[in-house]
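K.L.:
Next comes the structure file structure-v9.cif, holding mmCIF, C-alpha atoms.
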data_final
loop_
_atom_site.label_atom_id
_atom_site.label_comp_id
_atom_site.auth_asym_id
_atom_site.auth_seq_id
_atom_site.Cartn_x
_atom_site.Cartn_y
_atom_site.Cartn_z
CA MET A 197 -83.57 -171.66 -181.72
CA ARG A 198 -85.30 -174.41 -183.70
CA ILE A 199 -89.10 -174.40 -183.88
CA LEU A 200 -91.55 -177.02 -185.11
CA LEU A 201 -94.57 -175.31 -186.70
CA VAL A 202 -97.58 -177.60 -186.94
CA GLU A 203 -100.14 -176.12 -189.34
CA ASP A 204 -102.15 -177.87 -192.05
CA GLU A 205 -103.22 -174.75 -193.95
CA PRO A 206 -100.42 -174.21 -196.51
CA ARG A 207 -100.75 -170.42 -196.79
CA ALA A 208 -100.84 -169.92 -193.01
CA ALA A 209 -97.86 -172.25 -192.58
CA GLN A 210 -95.89 -170.37 -195.25
CA VAL A 211 -96.60 -166.95 -193.71
CA LEU A 212 -95.82 -168.02 -190.14
CA ALA A 213 -92.65 -169.90 -191.13
CA LYS A 214 -91.40 -166.90 -193.13
CA GLY A 215 -92.06 -164.53 -190.23
CA LEU A 216 -90.32 -166.79 -187.72
CA ARG A 217 -87.29 -167.28 -189.97
CA GLU A 218 -87.00 -163.51 -190.33
CA GLN A 219 -86.69 -163.43 -186.52
CA SER A 220 -83.69 -165.80 -186.61
CA TYR A 221 -85.60 -169.00 -185.82
CA ALA A 222 -84.91 -172.21 -187.72
CA VAL A 223 -88.33 -173.60 -188.65
CA ASP A 224 -89.53 -177.06 -189.65
CA VAL A 225 -93.15 -177.43 -190.77
CA ALA A 226 -95.45 -180.40 -190.12
CA ARG A 227 -98.77 -180.61 -191.96
CA ASP A 228 -100.61 -183.02 -189.67
CA GLY A 229 -100.50 -184.58 -186.23
CA ASP A 230 -98.76 -187.78 -187.22
CA ASP A 231 -95.98 -185.86 -188.99
CA ALA A 232 -95.64 -183.53 -185.98
CA LEU A 233 -95.27 -186.39 -183.52
CA TYR A 234 -92.74 -188.10 -185.78
CA GLN A 235 -90.62 -184.96 -186.26
CA ALA A 236 -90.73 -184.20 -182.52
CA SER A 237 -89.52 -187.73 -181.79
CA ILE A 238 -86.39 -187.44 -183.97
CA THR A 239 -85.44 -183.76 -183.58
CA ASP A 240 -84.53 -181.71 -180.53
CA TYR A 241 -86.80 -178.65 -180.78
CA ASP A 242 -86.68 -175.59 -178.55
CA ALA A 243 -90.44 -175.07 -178.90
CA ILE A 244 -93.49 -176.21 -180.86
CA VAL A 245 -96.17 -173.91 -182.30
CA LEU A 246 -99.21 -176.11 -182.71
CA ASP A 247 -102.63 -175.64 -184.31
CA VAL A 248 -104.82 -177.68 -181.97
CA MET A 249 -107.51 -178.22 -184.58
CA LEU A 250 -105.21 -180.47 -186.61
CA PRO A 251 -106.40 -184.00 -187.38
CA GLY A 252 -104.14 -186.66 -185.92
CA ILE A 253 -103.21 -184.75 -182.75
CA ASP A 254 -104.86 -186.79 -180.03
CA GLY A 255 -102.85 -185.31 -177.22
CA PHE A 256 -99.89 -183.11 -176.52
CA THR A 257 -97.62 -186.09 -176.11
CA VAL A 258 -94.78 -184.21 -177.70
CA SER A 259 -93.97 -183.55 -174.16
CA HIS A 260 -90.85 -182.04 -172.59
CA VAL A 261 -90.72 -179.45 -175.40
CA PRO A 262 -92.48 -176.11 -174.67
CA VAL A 263 -95.74 -175.98 -176.66
CA LEU A 264 -97.58 -172.82 -177.78
CA MET A 265 -100.95 -173.79 -179.21
CA LEU A 266 -103.03 -171.78 -181.63
CA THR A 267 -106.80 -172.02 -181.21
CA ALA A 268 -110.00 -170.64 -182.68
CA ARG A 269 -111.73 -167.95 -180.63
CA ASP A 270 -114.56 -170.27 -179.57
CA ALA A 271 -112.40 -173.38 -178.97
CA VAL A 272 -112.56 -173.25 -175.17
CA ASP A 273 -112.72 -177.03 -174.78
CA ALA A 274 -109.66 -177.43 -177.01
CA ARG A 275 -107.71 -174.91 -174.90
CA ILE A 276 -108.65 -176.70 -171.69
CA THR A 277 -107.68 -180.08 -173.13
CA GLY A 278 -104.44 -178.70 -174.49
CA LEU A 279 -103.38 -177.05 -171.25
CA ASP A 280 -104.34 -180.13 -169.23
CA SER A 281 -102.35 -182.30 -171.64
CA GLY A 282 -99.15 -180.32 -171.27
CA ALA A 283 -99.29 -177.26 -173.54
CA ASP A 284 -97.56 -174.26 -171.96
CA ASP A 285 -99.59 -171.40 -173.42
CA TYR A 286 -102.18 -170.62 -176.07
CA LEU A 287 -102.93 -167.85 -178.52
CA VAL A 288 -106.38 -167.19 -179.98
CA LYS A 289 -106.78 -166.67 -183.72
CA PRO A 290 -106.64 -164.17 -185.29
CA PHE A 291 -103.58 -162.90 -183.46
CA ASP A 292 -100.93 -160.25 -183.83
CA PHE A 293 -97.60 -161.71 -184.94
CA GLY A 294 -95.76 -159.61 -182.36
CA GLU A 295 -97.78 -161.26 -179.61
CA LEU A 296 -96.97 -164.71 -181.00
CA LEU A 297 -93.26 -163.85 -180.84
CA ALA A 298 -93.57 -162.58 -177.26
CA ARG A 299 -95.43 -165.69 -176.11
CA LEU A 300 -92.97 -167.93 -177.94
CA ARG A 301 -90.04 -166.24 -176.19
CA ALA A 302 -91.85 -166.66 -172.87
CA VAL A 303 -92.49 -170.41 -173.23
CA ILE A 304 -88.90 -170.98 -174.35
CA ARG A 305 -87.62 -169.00 -171.34
CA ARG A 306 -89.78 -171.01 -168.95
CA GLY A 307 -88.55 -174.24 -170.50
CA GLN A 308 -84.91 -173.42 -169.88
CA ALA A 309 -82.95 -173.69 -166.65
CA PRO A 310 -81.43 -171.55 -165.45
CA GLN A 311 -83.63 -168.78 -166.80
CA ARG A 312 -82.22 -167.41 -170.00
CA PRO A 313 -80.78 -163.90 -169.90
CA SER A 314 -82.35 -161.17 -172.02
CA ASP A 315 -79.23 -159.04 -172.21
CA VAL A 316 -75.58 -160.16 -172.40
CA THR A 317 -72.46 -157.99 -172.35
CA LEU A 318 -69.08 -159.13 -173.67
CA GLY A 319 -66.57 -156.34 -173.23
CA ASP A 320 -68.05 -153.39 -175.13
CA LEU A 321 -70.40 -155.71 -177.03
CA ARG A 322 -74.06 -155.78 -175.95
CA ILE A 323 -76.30 -158.60 -177.15
CA ASP A 324 -80.01 -157.91 -176.68
CA LEU A 325 -81.76 -161.28 -177.04
CA ARG A 326 -85.21 -159.76 -176.69
CA ALA A 327 -84.85 -156.99 -179.28
CA ARG A 328 -82.59 -159.33 -181.27
CA HIS A 329 -79.77 -156.96 -182.06
CA VAL A 330 -76.11 -156.43 -181.18
CA THR A 331 -74.37 -153.13 -180.47
CA ARG A 332 -70.81 -152.00 -179.85
CA GLY A 333 -70.89 -148.73 -177.99
CA ARG A 334 -73.58 -146.75 -179.79
CA ASP A 335 -73.14 -148.58 -183.08
CA ARG A 336 -75.50 -151.36 -184.08
CA LEU A 337 -73.78 -154.28 -185.81
CA ALA A 338 -75.26 -155.57 -189.06
CA LEU A 339 -75.83 -159.28 -188.40
CA THR A 340 -77.93 -161.45 -190.68
CA THR A 341 -80.78 -163.39 -189.09
CA ARG A 342 -78.74 -166.61 -189.31
CA GLU A 343 -75.65 -164.98 -187.79
CA PHE A 344 -77.75 -163.70 -184.91
CA ALA A 345 -79.32 -167.15 -184.41
CA LEU A 346 -75.84 -168.70 -184.24
CA LEU A 347 -74.66 -166.04 -181.78
CA GLU A 348 -77.77 -166.51 -179.66
CA PHE A 349 -77.18 -170.26 -179.45
CA LEU A 350 -73.57 -169.75 -178.40
CA VAL A 351 -74.62 -167.14 -175.81
CA LEU A 352 -77.18 -169.50 -174.29
CA HIS A 353 -74.44 -172.13 -173.96
CA GLU A 354 -71.73 -169.75 -172.80
CA GLY A 355 -68.73 -171.61 -171.40
CA GLU A 356 -69.84 -174.91 -172.97
CA VAL A 357 -68.33 -176.56 -176.02
CA VAL A 358 -71.06 -177.10 -178.61
CA GLY A 359 -70.46 -179.38 -181.56
CA ARG A 360 -71.36 -178.73 -185.17
CA GLY A 361 -74.19 -181.26 -184.89
CA GLU A 362 -75.76 -179.37 -181.97
CA ILE A 363 -75.43 -176.08 -183.81
CA ALA A 364 -77.00 -177.54 -186.94
CA GLU A 365 -79.83 -179.01 -184.86
CA HIS A 366 -80.83 -175.69 -183.31
CA VAL A 367 -79.80 -173.02 -185.81
CA TRP A 368 -80.61 -174.57 -189.19
CA ASP A 369 -83.81 -176.22 -190.38
CA THR A 370 -84.32 -179.36 -192.45
CA ALA A 371 -82.76 -177.78 -195.55
CA PHE A 372 -79.33 -177.77 -193.88
CA GLU A 373 -76.65 -179.98 -195.43
CA SER A 374 -74.86 -181.46 -192.42
CA MET A 375 -71.71 -182.34 -194.36
CA SER A 376 -71.13 -178.83 -195.67
CA ASN A 377 -68.69 -176.34 -194.17
CA VAL A 378 -71.40 -173.71 -193.75
CA ILE A 379 -71.04 -173.64 -189.95
CA ASP A 380 -67.30 -173.00 -190.09
CA VAL A 381 -67.83 -170.24 -192.65
CA MET A 382 -70.58 -168.66 -190.53
CA ILE A 383 -68.39 -168.76 -187.42
CA GLN A 384 -65.65 -166.90 -189.27
CA ARG A 385 -68.10 -164.28 -190.54
CA LEU A 386 -69.51 -163.84 -187.04
CA ARG A 387 -66.04 -163.44 -185.55
CA ARG A 388 -65.20 -160.69 -188.04
CA LYS A 389 -68.27 -158.77 -186.95
CA ILE A 390 -68.30 -159.19 -183.15
CA ASP A 391 -64.69 -159.69 -182.07
CA PRO A 392 -62.79 -156.79 -180.50
CA PRO A 393 -60.25 -155.01 -182.72
CA THR A 394 -57.48 -156.33 -180.47
CA GLY A 395 -57.32 -159.32 -178.17
CA PRO A 396 -58.64 -162.88 -178.45
CA SER A 397 -61.86 -163.93 -180.16
CA PHE A 398 -65.05 -164.35 -178.17
CA ILE A 399 -65.58 -167.65 -179.99
CA VAL A 400 -63.02 -170.33 -179.19
CA THR A 401 -62.44 -173.32 -181.46
CA ARG A 402 -61.99 -176.69 -179.76
CA ARG A 403 -60.37 -178.80 -182.42
CA GLY A 404 -62.37 -181.93 -183.12
CA GLU A 405 -65.10 -180.88 -180.66
CA GLY A 406 -66.73 -177.62 -181.72
CA TYR A 407 -66.98 -174.05 -180.52
CA MET A 408 -67.38 -172.19 -177.24
CA LEU A 409 -68.31 -168.61 -176.37
CA VAL A 410 -66.08 -167.09 -173.68
CA ARG A 411 -65.91 -163.82 -171.78
CA PRO A 412 -63.06 -161.43 -172.64
CA ASP A 413 -61.26 -162.51 -169.48
CA GLY A 414 -62.20 -166.17 -169.91
CA GLY A 415 -59.83 -169.02 -170.62
CA GLY A 416 -59.40 -171.15 -173.66
CA GLY A 417 -57.63 -170.73 -176.93
CA GLY A 418 -58.08 -171.34 -180.59
#
Could you spell out this file's structure in structure tokens?
P.N.:
Amino acid sequence: MRILLVEDEPRAAQVLAKGLREQSYAVDVARDGDDALYQASITDYDAIVLDVMLPGIDGFTVSHVPVLMLTARDAVDARITGLDSGADDYLVKPFDFGELLARLRAVIRRGQAPQRPSDVTLGDLRIDLRARHVTRGRDRLALTTREFALLEFLVLHEGEVVGRGEIAEHVWDTAFESMSNVIDVMIQRLRRKIDPPTGPSFIVTRRGEGYMLVRPDGGGGG
């Protein structure tokens, strides 16, 4: 999941971005309204976390993307304007980071159709998208935050071929080097961790197209 964080206070932006990245989100940061609108116009984000007090934001014209706005406790007019202009939810400062994560998951869920699952089972593999961990039987698998983000993206597009460009767009932030082989390497690492000891891989390679997550009894090869 790729998030645009719009926050002009450097320390707050750094703390929030770090926390979100630790939860497997790819995060881009915009410092003002003009930068936010520009980034939202050229990048396909899954959600936007927006400080409504930012200069340069004259409306929530960033649109079809789910928006979670952050407001001051007494900013009632700003909340009303934001919600009327298209924001999906708001969170009053100061807030608990756990609540921000819960509200962010909720706006992303509402923005997806069909509704995203919270729990996916592939053979004896259980992927808990809410708790953000993967288990096989009673054993929890040790996935890095980036590996989990990649798996989550594939799960949400189960049965669809997703190209490297799409994966890069939603799993990596602006520091990603699109010409590198990092996606292929990450896919191989993920396969080693989640695939069954015997039988085909859950992640199918479509040569020249990309990758696809399939059920153990699903079709496809690679």
K.L.:
Which polymer residues have any atom within 10 Å of an atom of Leu216 (chain A), counting all atoms listed in the file, with same-chain residues fewer than 6 positions away left out, as a list of chain:residue names?
P.N.:
A:Arg198, A:Ile199, A:Leu201, A:Ala222, A:Val223, A:Phe293, A:Leu296, A:Leu297
K.L.:
Can you turn the PyMOL selection byres ((chain A and resi 346) around 9) into a concrete residue list for this file, as a PyMOL selection string?
P.N.:
chain A and resi 197+220+341-345+347-351+363+366-367+379+382-383+386
K.L.:
With distances taken over all atoms listed in the file, which of A:Gly404, A:Gly229, A:Pro262, A:Gly395 is nearest to Val303 (chain A)?
P.N.:
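Of all the options, A:Pro262 lies closest to Val303 (chain A).
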K.L.:
Padding of 4 Å on every side, edges along x, y and z, all listed atoms of region 379-390 of chain A included: what centre and edge lengths in Å, to one decimal, does that box have, as AutoDock Vina command-line options?
P.N.:
--center_x -68.1 --center_y -166.2 --center_z -187.9 --size_x 13.8 --size_y 22.9 --size_z 17.5
K.L.:
One decimal, in Å: what's the spacing between CA of Arg336 (chain A) and CA of Arg411 (chain A)?
P.N.:
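These two atoms are separated by 20.0 Å.
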K.L.:
Show me, as an mmCIF file with C-alpha atoms, in the frame of the given file, the residues that have an atom within 10 Å of region 242-245 of chain A when counting all atoms listed in the file, minus same-chain residues fewer than 3 positions from it.
P.N.:
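The result, written out as around_16.cif:
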data_model
loop_
_atom_site.group_PDB
_atom_site.id
_atom_site.type_symbol
_atom_site.label_atom_id
_atom_site.label_comp_id
_atom_site.auth_asym_id
_atom_site.auth_seq_id
_atom_site.Cartn_x
_atom_site.Cartn_y
_atom_site.Cartn_z
ATOM 1 C CA MET A 197 -83.570 -171.660 -181.720
ATOM 2 C CA ARG A 198 -85.300 -174.410 -183.700
ATOM 3 C CA ILE A 199 -89.100 -174.400 -183.880
ATOM 4 C CA LEU A 200 -91.550 -177.020 -185.110
ATOM 5 C CA LEU A 201 -94.570 -175.310 -186.700
ATOM 6 C CA VAL A 202 -97.580 -177.600 -186.940
ATOM 7 C CA GLU A 203 -100.140 -176.120 -189.340
ATOM 8 C CA LEU A 212 -95.820 -168.020 -190.140
ATOM 9 C CA TYR A 221 -85.600 -169.000 -185.820
ATOM 10 C CA ALA A 222 -84.910 -172.210 -187.720
ATOM 11 C CA VAL A 223 -88.330 -173.600 -188.650
ATOM 12 C CA ASP A 224 -89.530 -177.060 -189.650
ATOM 13 C CA VAL A 225 -93.150 -177.430 -190.770
ATOM 14 C CA ALA A 232 -95.640 -183.530 -185.980
ATOM 15 C CA ALA A 236 -90.730 -184.200 -182.520
ATOM 16 C CA THR A 239 -85.440 -183.760 -183.580
ATOM 17 C CA VAL A 248 -104.820 -177.680 -181.970
ATOM 18 C CA VAL A 258 -94.780 -184.210 -177.700
ATOM 19 C CA SER A 259 -93.970 -183.550 -174.160
ATOM 20 C CA HIS A 260 -90.850 -182.040 -172.590
ATOM 21 C CA VAL A 261 -90.720 -179.450 -175.400
ATOM 22 C CA PRO A 262 -92.480 -176.110 -174.670
ATOM 23 C CA VAL A 263 -95.740 -175.980 -176.660
ATOM 24 C CA LEU A 264 -97.580 -172.820 -177.780
ATOM 25 C CA MET A 265 -100.950 -173.790 -179.210
ATOM 26 C CA LEU A 266 -103.030 -171.780 -181.630
ATOM 27 C CA ALA A 283 -99.290 -177.260 -173.540
ATOM 28 C CA ASP A 284 -97.560 -174.260 -171.960
ATOM 29 C CA ASP A 285 -99.590 -171.400 -173.420
ATOM 30 C CA TYR A 286 -102.180 -170.620 -176.070
ATOM 31 C CA LEU A 287 -102.930 -167.850 -178.520
ATOM 32 C CA LEU A 296 -96.970 -164.710 -181.000
ATOM 33 C CA LEU A 300 -92.970 -167.930 -177.940
ATOM 34 C CA ARG A 301 -90.040 -166.240 -176.190
ATOM 35 C CA VAL A 303 -92.490 -170.410 -173.230
ATOM 36 C CA ILE A 304 -88.900 -170.980 -174.350
ATOM 37 C CA ARG A 305 -87.620 -169.000 -171.340
ATOM 38 C CA GLY A 307 -88.550 -174.240 -170.500
ATOM 39 C CA GLN A 308 -84.910 -173.420 -169.880
ATOM 40 C CA GLU A 365 -79.830 -179.010 -184.860
ATOM 41 C CA HIS A 366 -80.830 -175.690 -183.310
#
K.L.:
Would you compute the distance between CA of Glu356 (chain A) and CA of Ser397 (chain A)? Give it in Å to one decimal.
P.N.:
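Value for the CA of Glu356 (chain A)-CA of Ser397 (chain A) distance: 15.4 Å.
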K.L.:
For a test of reading the model, state the distance in Å between CA of Asp335 (chain A) and CA of Glu295 (chain A), rounded to one decimal.
P.N.:
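Separation of CA of Asp335 (chain A) and CA of Glu295 (chain A): 27.9 Å.
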K.L.:
Of the residues A:Gln219, A:Val410, A:Gln384, A:Ala268, which is the one nearest to Arg326 (chain A), using all atoms listed in the file?
P.N.:
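When distances to Arg326 (chain A) are compared using all atoms listed in the file, the smallest one comes from A:Gln219.
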K.L.:
With the file shown as input, list the residues that the PyMOL selection byres ((chain A and resi 318) around 12) selects, as a ChimeraX atom specification.
P.N.:
/A:315-317,319-324,330-333,351,354,390-392,397-399,409-414
K.L.:
Take the residues that were just selected and, keeping C-alpha atoms, output them as a compact mmCIF listing (two decimals), in the frame of the given file.
P.N.:
# COMPACT_ATOMS: atom_id res chain seq x y z
CA ASP A 315 -79.23 -159.04 -172.21
CA VAL A 316 -75.58 -160.16 -172.40
CA THR A 317 -72.46 -157.99 -172.35
CA GLY A 319 -66.57 -156.34 -173.23
CA ASP A 320 -68.05 -153.39 -175.13
CA LEU A 321 -70.40 -155.71 -177.03
CA ARG A 322 -74.06 -155.78 -175.95
CA ILE A 323 -76.30 -158.60 -177.15
CA ASP A 324 -80.01 -157.91 -176.68
CA VAL A 330 -76.11 -156.43 -181.18
CA THR A 331 -74.37 -153.13 -180.47
CA ARG A 332 -70.81 -152.00 -179.85
CA GLY A 333 -70.89 -148.73 -177.99
CA VAL A 351 -74.62 -167.14 -175.81
CA GLU A 354 -71.73 -169.75 -172.80
CA ILE A 390 -68.30 -159.19 -183.15
CA ASP A 391 -64.69 -159.69 -182.07
CA PRO A 392 -62.79 -156.79 -180.50
CA SER A 397 -61.86 -163.93 -180.16
CA PHE A 398 -65.05 -164.35 -178.17
CA ILE A 399 -65.58 -167.65 -179.99
CA LEU A 409 -68.31 -168.61 -176.37
CA VAL A 410 -66.08 -167.09 -173.68
CA ARG A 411 -65.91 -163.82 -171.78
CA PRO A 412 -63.06 -161.43 -172.64
CA ASP A 413 -61.26 -162.51 -169.48
CA GLY A 414 -62.20 -166.17 -169.91
K.L.:
Name the closest residue to Val400 (chain A) among the candidates A:Leu352, A:Ala209, A:Val357, A:Val288; distances are taken between atoms, counting only C-alpha atoms.
P.N.:
A:Val357
K.L.:
Give the answer as one residue: which of A:Val381, A:Ala208, A:Ile238, A:Leu337 has the shortest atom-to-atom distance to Lys289 (chain A), using only C-alpha atoms?
P.N.:
A:Ala208
K.L.:
Regenerate region 381-400 of chain A at the level of N, CA and C atoms and dump it as a PDB file, in the frame of the given file.
P.N.:
ATOM      1  N   VAL A 381     -67.825-171.512-191.933  1.00  0.00           N
ATOM      2  CA  VAL A 381     -67.830-170.240-192.650  1.00  0.00           C
ATOM      3  C   VAL A 381     -68.600-169.187-191.856  1.00  0.00           C
ATOM      4  N   MET A 382     -69.760-169.590-191.301  1.00  0.00           N
ATOM      5  CA  MET A 382     -70.580-168.660-190.530  1.00  0.00           C
ATOM      6  C   MET A 382     -69.873-168.209-189.260  1.00  0.00           C
ATOM      7  N   ILE A 383     -69.153-169.122-188.619  1.00  0.00           N
ATOM      8  CA  ILE A 383     -68.390-168.760-187.420  1.00  0.00           C
ATOM      9  C   ILE A 383     -67.354-167.694-187.763  1.00  0.00           C
ATOM     10  N   GLN A 384     -66.656-167.872-188.873  1.00  0.00           N
ATOM     11  CA  GLN A 384     -65.650-166.900-189.270  1.00  0.00           C
ATOM     12  C   GLN A 384     -66.264-165.533-189.575  1.00  0.00           C
ATOM     13  N   ARG A 385     -67.414-165.540-190.239  1.00  0.00           N
ATOM     14  CA  ARG A 385     -68.100-164.280-190.540  1.00  0.00           C
ATOM     15  C   ARG A 385     -68.553-163.596-189.248  1.00  0.00           C
ATOM     16  N   LEU A 386     -69.045-164.392-188.310  1.00  0.00           N
ATOM     17  CA  LEU A 386     -69.510-163.840-187.040  1.00  0.00           C
ATOM     18  C   LEU A 386     -68.342-163.247-186.252  1.00  0.00           C
ATOM     19  N   ARG A 387     -67.230-163.956-186.239  1.00  0.00           N
ATOM     20  CA  ARG A 387     -66.040-163.440-185.550  1.00  0.00           C
ATOM     21  C   ARG A 387     -65.617-162.084-186.104  1.00  0.00           C
ATOM     22  N   ARG A 388     -65.628-161.957-187.423  1.00  0.00           N
ATOM     23  CA  ARG A 388     -65.200-160.690-188.040  1.00  0.00           C
ATOM     24  C   ARG A 388     -66.083-159.529-187.601  1.00  0.00           C
ATOM     25  N   LYS A 389     -67.338-159.829-187.314  1.00  0.00           N
ATOM     26  CA  LYS A 389     -68.270-158.770-186.950  1.00  0.00           C
ATOM     27  C   LYS A 389     -68.272-158.435-185.453  1.00  0.00           C
ATOM     28  N   ILE A 390     -68.122-159.452-184.585  1.00  0.00           N
ATOM     29  CA  ILE A 390     -68.300-159.190-183.150  1.00  0.00           C
ATOM     30  C   ILE A 390     -67.006-159.107-182.360  1.00  0.00           C
ATOM     31  N   ASP A 391     -65.920-159.669-182.871  1.00  0.00           N
ATOM     32  CA  ASP A 391     -64.690-159.690-182.070  1.00  0.00           C
ATOM     33  C   ASP A 391     -64.103-158.301-181.876  1.00  0.00           C
ATOM     34  N   PRO A 392     -63.438-158.086-180.735  1.00  0.00           N
ATOM     35  CA  PRO A 392     -62.790-156.790-180.500  1.00  0.00           C
ATOM     36  C   PRO A 392     -61.654-156.579-181.488  1.00  0.00           C
ATOM     37  N   PRO A 393     -61.329-155.303-181.774  1.00  0.00           N
ATOM     38  CA  PRO A 393     -60.250-155.010-182.720  1.00  0.00           C
ATOM     39  C   PRO A 393     -58.920-155.624-182.303  1.00  0.00           C
ATOM     40  N   THR A 394     -58.691-155.698-180.979  1.00  0.00           N
ATOM     41  CA  THR A 394     -57.480-156.330-180.470  1.00  0.00           C
ATOM     42  C   THR A 394     -57.869-157.344-179.403  1.00  0.00           C
ATOM     43  N   GLY A 395     -57.016-158.309-179.175  1.00  0.00           N
ATOM     44  CA  GLY A 395     -57.320-159.320-178.170  1.00  0.00           C
ATOM     45  C   GLY A 395     -57.902-160.568-178.785  1.00  0.00           C
ATOM     46  N   PRO A 396     -58.156-161.592-177.951  1.00  0.00           N
ATOM     47  CA  PRO A 396     -58.640-162.880-178.450  1.00  0.00           C
ATOM     48  C   PRO A 396     -60.104-162.828-178.892  1.00  0.00           C
ATOM     49  N   SER A 397     -60.480-163.814-179.685  1.00  0.00           N
ATOM     50  CA  SER A 397     -61.860-163.930-180.160  1.00  0.00           C
ATOM     51  C   SER A 397     -62.784-164.342-179.024  1.00  0.00           C
ATOM     52  N   PHE A 398     -64.040-163.899-179.119  1.00  0.00           N
ATOM     53  CA  PHE A 398     -65.050-164.350-178.170  1.00  0.00           C
ATOM     54  C   PHE A 398     -65.428-165.815-178.411  1.00  0.00           C
ATOM     55  N   ILE A 399     -65.195-166.290-179.622  1.00  0.00           N
ATOM     56  CA  ILE A 399     -65.580-167.650-179.990  1.00  0.00           C
ATOM     57  C   ILE A 399     -64.327-168.509-180.129  1.00  0.00           C
ATOM     58  N   VAL A 400     -64.190-169.448-179.231  1.00  0.00           N
ATOM     59  CA  VAL A 400     -63.020-170.330-179.190  1.00  0.00           C
ATOM     60  C   VAL A 400     -63.308-171.611-179.969  1.00  0.00           C
TER      61      VAL A 400
END
